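Text of my_file-v8.txt (compact mmCIF, C-alpha atoms) as supplied:
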# COMPACT_ATOMS: atom_id res chain seq x y z
CA MET A 1 129.86 290.87 79.04
CA GLN A 2 130.98 288.43 81.74
CA LEU A 3 131.71 285.10 80.08
CA PRO A 4 131.39 281.82 81.95
CA LYS A 5 134.60 280.55 83.51
CA SER A 6 133.88 276.85 83.68
CA TRP A 7 131.21 274.23 83.10
CA SER A 8 129.85 275.15 86.54
CA ASP A 9 128.44 278.27 84.89
CA ILE A 10 126.70 276.39 82.06
CA ASP A 11 123.24 274.85 82.26
CA VAL A 12 122.16 271.68 80.49
CA TYR A 13 120.17 273.50 77.82
CA THR A 14 123.16 275.66 76.84
CA PHE A 15 125.40 272.61 76.90
CA LYS A 16 123.11 270.83 74.43
CA GLU A 17 123.04 273.90 72.20
CA ILE A 18 126.83 274.17 72.19
CA ARG A 19 127.33 270.49 71.45
CA SER A 20 124.83 270.59 68.58
CA ILE A 21 126.85 273.17 66.66
CA SER A 22 128.14 271.70 63.45
CA THR A 23 131.70 272.25 62.27
CA ASP A 24 130.56 271.89 58.65
CA ASN A 25 130.66 275.63 58.05
CA GLY A 26 134.16 276.06 59.41
CA GLU A 27 135.98 276.60 62.70
CA TRP A 28 135.43 280.33 62.84
CA THR A 29 131.72 280.00 62.19
CA ARG A 30 131.53 277.43 64.97
CA ASP A 31 133.29 279.84 67.35
CA ILE A 32 130.90 282.63 66.37
CA GLU A 33 127.87 280.41 67.01
CA THR A 34 129.35 279.23 70.32
CA LEU A 35 129.92 282.77 71.55
CA ALA A 36 126.44 283.80 70.45
CA ILE A 37 124.95 280.95 72.51
CA ILE A 38 127.10 281.73 75.55
CA MET A 39 126.26 285.43 75.34
CA ASP A 40 122.62 284.61 74.60
CA VAL A 41 122.53 286.81 71.51
CA SER A 42 121.89 286.08 67.85
CA THR A 43 124.92 285.44 65.64
CA ASP A 44 123.80 288.37 63.48
CA SER A 45 124.32 290.75 66.38
CA LEU A 46 128.03 289.85 66.33
CA ASP A 47 128.36 290.49 62.60
CA ASP A 48 130.15 293.81 62.90
CA CYS A 49 132.68 292.64 65.50
CA ASP A 50 136.30 292.05 64.59
CA ILE A 51 136.97 288.33 64.32
CA THR A 52 140.25 288.88 66.23
CA ASP A 53 138.30 290.10 69.27
CA LEU A 54 136.10 287.02 69.13
CA THR A 55 139.11 284.76 68.81
CA THR A 56 140.54 286.37 71.95
CA GLN A 57 137.26 285.87 73.78
CA MET A 58 137.20 282.22 72.76
CA LYS A 59 140.44 281.83 74.70
CA SER A 60 138.62 282.50 77.95
CA ILE A 61 135.99 279.86 77.25
CA ASN A 62 138.37 277.19 76.11
CA PHE A 63 137.01 274.88 78.80
CA LEU A 64 134.21 274.15 76.31
CA ASN A 65 136.60 271.86 74.47
CA SER A 66 136.77 269.61 77.50
CA GLU A 67 134.09 267.43 79.06
CA PRO A 68 131.98 268.57 82.01
CA SER A 69 132.54 266.93 85.39
CA LYS A 70 132.19 263.16 85.46
CA ASN A 71 130.74 263.33 88.98
CA PHE A 72 127.04 263.85 89.25
CA LYS A 73 124.81 264.98 92.07
CA ASN A 74 122.75 262.43 93.94
CA ASN A 75 119.98 264.92 94.58
CA ILE A 76 118.58 267.39 92.08
CA GLU A 77 115.89 269.51 93.68
CA ASN A 78 113.06 267.06 94.57
CA TYR A 79 114.62 264.17 92.74
CA ILE A 80 117.09 261.52 93.82
CA PHE A 81 119.33 259.43 91.62
CA LYS A 82 118.15 255.85 91.19
CA PRO A 83 121.13 253.48 90.89
CA PHE A 84 121.32 251.76 87.51
CA GLU A 85 121.23 248.33 89.19
CA GLN A 86 117.75 249.16 90.44
CA LEU A 87 116.32 250.20 87.09
CA THR A 88 113.24 248.48 85.75
CA CYS A 89 113.09 246.90 82.31
CA GLY A 90 110.97 249.75 81.01
CA GLU A 91 113.41 252.38 82.27
CA PHE A 92 116.33 250.48 80.78
CA ILE A 93 114.63 250.17 77.38
CA ASP A 94 113.90 253.89 77.28
CA LEU A 95 117.45 254.71 78.34
CA GLU A 96 118.73 252.47 75.58
CA TYR A 97 116.60 254.39 73.11
CA TYR A 98 117.99 257.75 74.22
CA PHE A 99 121.56 256.50 74.37
CA SER A 100 121.40 255.08 70.89
CA ASN A 101 119.80 258.27 69.50
CA ASP A 102 122.32 260.98 70.49
CA TYR A 103 122.63 260.96 74.27
CA ILE A 104 123.90 264.55 74.41
CA LYS A 105 120.75 265.79 72.72
CA HIS A 106 118.69 263.65 75.11
CA ILE A 107 120.64 264.21 78.32
CA SER A 108 117.64 265.90 79.99
CA HIS A 109 115.41 262.96 79.02
CA ILE A 110 117.99 260.56 80.44
CA ALA A 111 118.11 262.57 83.67
CA ALA A 112 114.31 262.54 83.78
CA ILE A 113 114.45 258.72 83.86
CA VAL A 114 117.24 258.19 86.38
CA TYR A 115 116.28 260.97 88.81
CA LYS A 116 113.13 260.05 90.71
CA LYS A 117 110.74 261.44 93.20
CA HIS A 118 110.95 259.31 96.32
CA LYS A 119 109.65 258.64 99.78
CA THR A 120 110.48 256.52 102.80
CA ASP A 121 108.10 253.72 103.64
CA GLU A 122 107.01 252.62 107.10
CA TRP A 123 110.14 250.42 107.32
CA HIS A 124 112.36 253.40 106.44
CA ASN A 125 113.15 251.97 103.05
CA LEU A 126 113.71 254.38 100.20
CA VAL A 127 110.90 253.98 97.67
CA TYR A 128 111.21 255.45 94.17
CA GLU A 129 108.18 256.70 92.29
CA PRO A 130 106.92 254.25 89.63
CA TYR A 131 107.83 254.87 86.04
CA THR A 132 104.38 256.00 85.05
CA TYR A 133 105.35 259.44 83.77
CA ASN A 134 106.56 260.46 80.33
CA PRO A 135 110.24 261.61 80.41
CA ASN A 136 109.42 264.07 77.62
CA ASN A 137 107.20 265.98 80.02
CA ARG A 138 109.81 266.11 82.75
CA SER A 139 112.97 266.67 80.70
CA GLU A 140 112.63 270.46 80.65
CA GLU A 141 113.07 270.55 84.42
CA PHE A 142 116.60 269.24 83.92
CA ASP A 143 117.43 271.75 81.19
CA ASN A 144 117.94 274.44 83.79
CA VAL A 145 120.30 272.58 86.11
CA CYS A 146 124.06 272.97 85.93
CA VAL A 147 125.52 270.52 83.41
CA ASN A 148 128.15 269.47 85.96
CA ASP A 149 125.33 268.21 88.20
CA ILE A 150 124.11 265.56 85.77
CA TYR A 151 126.65 265.05 82.98
CA GLY A 152 128.40 262.31 84.94
CA ILE A 153 125.43 259.99 84.52
CA ILE A 154 126.45 259.58 80.86
CA PRO A 155 129.87 257.94 81.39
CA SER A 156 128.54 256.08 84.45
CA TYR A 157 125.64 254.61 82.49
CA LEU A 158 127.92 253.71 79.58
CA ASN A 159 130.15 251.79 82.02
CA PHE A 160 127.16 250.06 83.58
CA ARG A 161 125.76 249.26 80.14
CA LYS A 162 129.06 247.75 78.98
CA THR A 163 129.22 245.42 81.97
CA PHE A 164 125.52 244.60 81.70
CA LEU A 165 125.61 243.76 78.01
CA GLU A 166 128.70 241.63 78.52
CA LYS A 167 126.99 239.70 81.30
CA TYR A 168 123.86 239.06 79.26
CA MET A 169 125.59 238.87 75.91
CA LEU A 170 123.77 235.70 74.92
CA LEU A 171 120.39 237.41 75.12
CA PHE A 172 121.46 240.14 72.73
CA GLU A 173 123.15 237.86 70.25
CA ASP A 174 121.23 236.85 67.19
CA ASP A 175 122.16 234.31 64.63
CA PRO A 176 124.27 236.08 62.02
CA GLY A 177 122.21 237.41 59.15
CA PRO A 178 122.57 236.23 55.59
CA GLU A 179 125.84 237.30 53.94
CA ASP A 180 126.08 238.91 50.52
CA GLU A 181 122.37 239.42 50.50
CA ASP A 182 121.06 239.94 47.01
CA LYS A 183 118.30 242.54 47.21
CA ASN A 184 116.58 241.14 44.12
CA THR A 185 116.28 237.66 45.57
CA PRO A 186 113.20 237.09 47.72
CA LEU A 187 114.15 236.48 51.37
CA SER A 188 113.91 232.94 52.63
CA LYS A 189 111.63 232.24 55.57
CA GLU A 190 114.66 232.05 57.91
CA ASP A 191 116.03 235.37 56.66
CA GLN A 192 112.67 237.05 57.14
CA GLU A 193 112.49 235.69 60.68
CA HIS A 194 115.99 236.96 61.39
CA LYS A 195 115.13 240.45 60.11
CA SER A 196 111.98 240.53 62.18
CA ALA A 197 113.87 239.39 65.28
CA VAL A 198 116.35 242.29 64.90
CA LYS A 199 113.56 244.79 64.23
CA TRP A 200 111.49 243.71 67.22
CA GLY A 201 114.38 243.07 69.67
CA TRP A 202 113.01 244.67 72.84
CA GLU A 203 109.41 243.75 72.14
CA ARG A 204 110.49 240.14 71.67
CA LEU A 205 112.27 240.08 75.04
CA ILE A 206 109.31 241.61 76.87
CA TYR A 207 106.94 239.28 75.04
CA SER A 208 108.99 236.39 76.30
CA LEU A 209 109.00 237.83 79.85
CA CYS A 210 105.22 238.03 79.95
CA ASN A 211 104.87 234.51 78.63
CA GLU A 212 103.33 235.76 75.40
CA ASP A 213 100.46 237.30 77.35
CA LEU A 214 100.23 240.91 76.27
CA THR A 215 98.00 241.87 79.18
CA LYS A 216 101.09 241.39 81.35
CA PHE A 217 103.23 243.70 79.22
CA GLU A 218 103.20 246.51 81.79
CA GLN A 219 104.02 244.14 84.61
CA ALA A 220 106.98 242.86 82.64
CA THR A 221 108.34 246.35 81.95
CA ASN A 222 108.05 247.15 85.67
CA LEU A 223 110.17 244.16 86.64
CA PRO A 224 113.60 244.94 88.09
CA LEU A 225 116.07 244.83 85.22
CA ILE A 226 118.50 242.36 86.78
CA LEU A 227 115.74 239.95 87.80
CA ALA A 228 114.15 240.12 84.35
CA PHE A 229 117.38 239.42 82.56
CA ASN A 230 118.27 236.59 84.92
CA MET A 231 114.87 235.07 84.12
CA LEU A 232 115.40 235.53 80.39
CA SER A 233 118.82 233.90 80.66
CA MET A 234 117.33 230.99 82.51
CA LYS A 235 114.60 230.59 79.90
CA LYS A 236 117.16 230.64 77.13
CA ASP A 237 119.46 228.18 78.94
CA LEU A 238 116.66 225.77 79.65
CA ASN A 239 115.08 226.39 76.28
CA LEU A 240 111.77 227.16 77.94
CA MET B 1 157.64 288.75 33.17
CA VAL B 2 159.69 285.67 32.44
CA THR B 3 160.69 284.29 29.06
CA ILE B 4 159.87 280.64 28.45
CA LEU B 5 160.42 279.07 25.03
CA ASN B 6 160.89 282.55 23.60
CA LYS B 7 157.50 283.66 24.90
CA GLU B 8 157.01 286.23 27.66
CA ILE B 9 154.62 285.12 30.34
CA PRO B 10 153.52 286.90 33.52
CA ASN B 11 154.81 285.59 36.83
CA GLN B 12 154.80 288.55 39.23
CA LEU B 13 151.85 289.51 41.40
CA ASN B 14 151.41 292.74 39.50
CA GLU B 15 151.37 290.85 36.21
CA LEU B 16 149.20 287.79 36.91
CA ASN B 17 145.51 288.35 37.25
CA ILE B 18 143.58 286.82 40.15
CA GLU B 19 142.04 284.13 37.95
CA GLN B 20 145.48 282.98 36.75
CA PHE B 21 146.88 283.19 40.28
CA GLU B 22 144.09 280.98 41.61
CA GLU B 23 144.60 278.47 38.85
CA ILE B 24 148.36 278.33 39.43
CA THR B 25 148.13 277.99 43.21
CA GLY B 26 145.48 275.30 42.74
CA ILE B 27 147.84 273.30 40.52
CA LEU B 28 150.85 273.83 42.77
CA ASN B 29 148.90 272.61 45.79
CA ASP B 30 147.57 269.56 43.99
CA THR B 31 149.48 266.63 45.46
CA SER B 32 148.32 264.25 42.74
CA TYR B 33 150.85 265.79 40.31
CA ASP B 34 154.57 265.17 40.50
CA TYR B 35 157.08 268.01 40.12
CA ILE B 36 157.26 267.90 36.30
CA GLU B 37 153.51 267.38 35.75
CA LYS B 38 152.74 270.22 38.14
CA HIS B 39 154.80 272.74 36.26
CA LEU B 40 153.71 271.52 32.84
CA LYS B 41 150.14 272.17 34.03
CA VAL B 42 151.15 275.63 35.25
CA PHE B 43 152.66 276.47 31.86
CA GLU B 44 149.47 275.21 30.18
CA VAL B 45 147.69 278.12 31.88
CA PHE B 46 149.73 280.39 29.61
CA GLY B 47 148.96 278.48 26.42
CA PHE B 48 151.83 275.99 26.33
CA THR B 49 151.21 272.32 25.64
CA GLU B 50 153.21 269.33 26.80
CA ASP B 51 154.46 268.88 23.23
CA ASP B 52 156.02 272.34 23.28
CA PHE B 53 158.54 271.04 25.85
CA GLN B 54 159.38 267.88 23.89
CA ASP B 55 162.84 269.16 22.91
CA THR B 56 163.52 270.79 26.27
CA SER B 57 166.06 269.03 28.47
CA LEU B 58 165.26 268.40 32.11
CA ASP B 59 167.90 270.92 33.18
CA GLU B 60 166.42 273.58 30.91
CA PHE B 61 162.96 272.82 32.22
CA LYS B 62 164.19 273.19 35.79
CA ILE B 63 165.65 276.61 34.92
CA TYR B 64 162.27 277.69 33.47
CA VAL B 65 160.55 276.57 36.65
CA LYS B 66 163.09 278.33 38.85
CA GLU B 67 162.72 281.56 36.88
CA PHE B 68 158.95 281.34 36.89
CA ASN B 69 158.87 280.78 40.64
CA ASN B 70 161.14 283.72 41.34
CA ILE B 71 158.27 285.89 42.52
CA ASN B 72 158.45 288.98 44.65
CA THR B 73 155.68 288.37 47.18
CA LYS B 74 156.11 291.67 48.99
CA CYS B 75 153.21 293.97 48.31
CA ASN B 76 151.19 296.31 50.45
CA ILE B 77 147.50 295.96 51.05
CA LYS B 78 145.49 298.05 48.61
CA LYS B 79 142.72 299.67 50.57
CA SER B 80 140.41 300.27 47.64
CA VAL B 81 140.01 299.75 43.91
CA VAL B 82 138.01 301.52 41.24
CA ILE B 83 136.30 299.31 38.66
CA ASP B 84 134.04 300.72 35.94
CA GLY B 85 133.85 304.02 37.80
CA TYR B 86 132.74 302.50 41.13
CA LYS B 87 134.94 302.57 44.19
CA TYR B 88 135.23 299.32 46.17
CA ILE B 89 136.67 299.59 49.67
CA GLY B 90 138.55 296.71 51.30
CA VAL B 91 139.98 298.56 54.31
CA SER B 92 138.01 301.47 55.65
CA GLY B 93 140.13 302.27 58.72
CA LYS B 94 143.83 302.35 59.39
CA SER B 95 144.32 298.63 59.19
CA PHE B 96 142.55 295.56 57.87
CA ILE B 97 139.70 294.30 60.04
CA LEU B 98 138.01 291.02 59.28
CA SER B 99 134.44 291.27 60.45
CA VAL B 100 132.46 288.34 61.78
CA ARG B 101 130.01 288.65 58.92
CA ASP B 102 132.78 288.56 56.30
CA THR B 103 134.39 285.60 58.09
CA LYS B 104 131.18 283.59 57.88
CA HIS B 105 130.88 284.28 54.14
CA ILE B 106 134.55 283.57 53.48
CA GLU B 107 134.48 280.27 55.37
CA LYS B 108 131.51 279.20 53.28
CA ILE B 109 133.39 280.03 50.09
CA MET B 110 136.64 278.43 51.24
CA LYS B 111 134.84 275.25 52.23
CA ASN B 112 134.55 273.87 48.72
CA LYS B 113 137.19 276.00 46.96
CA HIS B 114 135.19 276.01 43.75
CA LYS B 115 136.56 277.60 40.59
CA GLY B 116 136.72 281.34 41.14
CA TYR B 117 136.70 281.13 44.93
CA LEU B 118 139.57 283.58 45.33
CA SER B 119 137.83 286.40 43.48
CA GLU B 120 134.69 285.56 45.44
CA VAL B 121 136.58 285.96 48.73
CA LEU B 122 137.84 289.33 47.51
CA SER B 123 134.28 290.23 46.49
CA VAL B 124 133.19 289.78 50.09
CA LEU B 125 136.00 291.97 51.36
CA PHE B 126 135.73 294.78 48.81
CA LYS B 127 132.49 296.70 49.31
CA ARG B 128 131.12 299.20 46.83
CA GLU B 129 130.96 302.45 48.75
CA ASP B 130 127.57 303.53 47.42
CA LEU B 131 125.79 300.29 48.38
CA SER B 132 124.38 299.07 51.68
CA ASN B 133 125.11 295.74 53.37
CA VAL B 134 121.87 294.30 52.00
CA GLU B 135 123.09 294.70 48.43
CA HIS B 136 126.68 293.99 49.30
CA TYR B 137 126.08 290.48 50.64
CA ASP B 138 123.47 289.59 48.05
CA PRO B 139 124.72 286.39 46.35
CA THR B 140 124.05 287.71 42.84
CA HIS B 141 125.96 290.90 43.59
CA ILE B 142 128.88 288.86 44.98
CA LYS B 143 128.89 286.72 41.81
CA HIS B 144 128.79 289.80 39.60
CA LYS B 145 131.59 291.46 41.54
CA SER B 146 133.79 288.37 41.48
CA LYS B 147 133.57 288.41 37.65
CA LEU B 148 135.00 291.92 37.74
CA ILE B 149 137.56 291.18 40.41
CA LYS B 150 139.03 288.08 38.76
CA ASN B 151 140.62 290.38 36.18
CA LEU B 152 142.42 292.46 38.81
CA LYS B 153 146.08 291.75 39.38
CA ALA B 154 147.03 289.24 42.06
CA GLU B 155 148.70 292.01 44.05
CA TYR B 156 145.19 292.99 45.14
CA ALA B 157 144.44 289.52 46.49
CA VAL B 158 147.67 288.32 48.09
CA PRO B 159 147.97 290.90 50.92
CA TYR B 160 144.40 290.14 51.97
CA LEU B 161 145.05 286.41 51.91
CA ILE B 162 148.15 286.98 54.05
CA GLU B 163 146.10 289.00 56.56
CA ILE B 164 143.43 286.27 56.74
CA GLY B 165 146.21 283.70 57.17
CA LYS B 166 147.65 285.72 60.06
CA LYS B 167 144.29 285.79 61.81
CA LEU B 168 143.88 282.06 61.30
CA LYS B 169 147.37 281.48 62.71
CA GLN B 170 146.49 283.64 65.72
CA LYS B 171 143.36 281.55 66.29
CA VAL B 172 145.31 278.30 66.14
CA GLU B 173 147.95 279.68 68.52
CA ILE B 174 145.32 280.74 71.04
CA GLN B 175 143.67 277.33 70.80
CA ASN B 176 146.98 275.54 71.24
CA ALA B 177 148.05 277.73 74.14
CA ALA B 178 144.89 276.95 76.04
CA THR B 179 144.91 273.20 75.52
For the file at hand, write its structure as structure tokens.
Amino acid sequence: MQLPKSWSDIDVYTFKEIRSISTDNGEWTRDIETLAIIMDVSTDSLDDCDITDLTTQMKSINFLNSEPSKNFKNNIENYIFKPFEQLTCGEFIDLEYYFSNDYIKHISHIAAIVYKKHKTDEWHNLVYEPYTYNPNNRSEEFDNVCVNDIYGIIPSYLNFRKTFLEKYMLLFEDDPGPEDEDKNTPLSKEDQEHKSAVKWGWERLIYSLCNEDLTKFEQATNLPLILAFNMLSMKKDLNL
Amino acid sequence: MVTILNKEIPNQLNELNIEQFEEITGILNDTSYDYIEKHLKVFEVFGFTEDDFQDTSLDEFKIYVKEFNNINTKCNIKKSVVIDGYKYIGVSGKSFILSVRDTKHIEKIMKNKHKGYLSEVLSVLFKREDLSNVEHYDPTHIKHKSKLIKNLKAEYAVPYLIEIGKKLKQKVEIQNAAT
């Protein structure tokens, strides 16, 4: 069987499968599972092979130990990449969720957020579709694209995120929690408030953005990210 | 055989059984023991106690250790073994082949290196000729077989361990060459 020669021959779904293989059962078992995925066969079907042959085959797919391309495509089929600076609050919050819950596993979901349908308005401005769809429903479309086409959004977003969080550090900082917390001692009112603030971090920020009016929640999540965080910074600075 | 404190104890691969060999290699690889402790523990496997060596000088003790460790490790792979009238085959062709299925089982066993792991590894490799794969890989059958195999001499185990080691080395070399 013809084995892939580089990441250019691997789609996102296969990439996720490969990266989800655990090394807990040993290096050889990992290699066996990797080859089975690449060859699209069950591991049982390789049972009678000589491990030496498999080891030799692993040599030709050694590129799997490296990272896919850090460049990503601007256009994927009908979708166009939306620059991170133009994200809305809602998109950013969802991206944060996927990035903090295994971004390799969720790479298709992430792509489903940052790649948008688009059109040009009467003034020839590029207009992105609103974030009214569920990324879960669209993620499968990105499973079939070449991993090299979208993998680069991961390191790019992480860079953007680092700069962004540094810039708005004050908004993400909470008062330090109680030290040496004794679990048997009932929490003080302040401690309970602190715990709640951590638990409801994003909701608290959005709540503040919509001036504690929940009917404006959707409007707040549709606000451009940079504008929203500038407003939040101002509110915090001025203690509004 | 080697004589220690006037007692003959096995030290060659055709004298030690697999259970003793596993115990000894386990002790020798245990970095928590120093040189003396390590070898006192090894001699305990053969019924000695620490007190037995109370009147032994350090130089004498070193000679015992040197003699005990003088092991001839050269032995050919034994393709099959007969236990209780049943033939178990380890190599069916001209040379040893480690199958993917056996590798998966062996890696699982080697992962925690529990007591008796060596005979269990051998149990995976030696297959009773009258049984099918279903019975062969059955965990209870493997357990049963490892109880039989642990009494075989270490000369049955070592060549197989060397072969597995060679394949592992080959894997590491291929990995290193490509990176």
Residues of chain A within 7 Å of chain B, counting only C-alpha atoms, as a ChimeraX atom specification
/A:25-26,29,46-52,55,59,62
Selection: 6 Å around Asp149 of chain A, all atoms listed in the file, excl. self and same-chain fewer than 2 positions, as a PyMOL selection string
chain A and resi 72-73+146-147
Mind checking which residues fall within 9 Å of segment 215-222 of chain A, counting all atoms listed in the file, ignoring those fewer than 6 positions away in the same chain, and posting them as a PyMOL selection string?
chain A and resi 87-91+93+130-131+206-207+209+228
Between atom CA of Ser6 of chain A and atom CA of Thr56 of chain A lies a distance of 16.5 Å
Please compute the atom CA of Ile226 of chain A-atom CA of Leu165 of chain A distance, one decimal, in Å.
11.4 Å
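The nearest approach to Gln12 of chain B among the residues B:Lys147, B:Phe48, B:Gly116, B:Val158, with only C-alpha atoms taken into account, belongs to B:Val158.
Computed from the coordinates, the atom CA of Ile80 of chain A to atom CA of Tyr115 of chain A distance equals 5.1 Å.
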Which neighbours of Asn14 of chain B fall inside 9 Å, counting only C-alpha atoms, when residues of the same chain fewer than 5 positions from it are skipped, and could you give them as a CSV table (one decimal) with C-alpha atoms, keeping the file's coordinate frame?
chain,number,residue,atom,x,y,z
B,153,LYS,CA,146.1,291.8,39.4
B,154,ALA,CA,147.0,289.2,42.1
B,155,GLU,CA,148.7,292.0,44.0
B,156,TYR,CA,145.2,293.0,45.1
Shell of 7 Å around segment 21-24 of chain B, only C-alpha atoms, local chain residues under 5 positions omitted, as a PDB file with C-alpha atoms, keeping the file's coordinate frame:
ATOM      1  CA  LEU B  16     149.200 287.790  36.910  1.00  0.00           C
ATOM      2  CA  VAL B  42     151.150 275.630  35.250  1.00  0.00           C
ATOM      3  CA  LEU B 118     139.570 283.580  45.330  1.00  0.00           C
ATOM      4  CA  ALA B 154     147.030 289.240  42.060  1.00  0.00           C
TER       5      ALA B 154
END
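When all atoms listed in the file are used to measure the gap to Asp44 of chain A, the shortest distance among A:Ile32, A:Thr14, A:Asn137, A:Glu77 belongs to A:Ile32.
Minimum atom-to-atom distance to Asn151 of chain B, evaluated using all atoms listed in the file, belongs to B:Ser119 out of B:Ser119, B:Tyr88, B:Phe126, B:Glu67.
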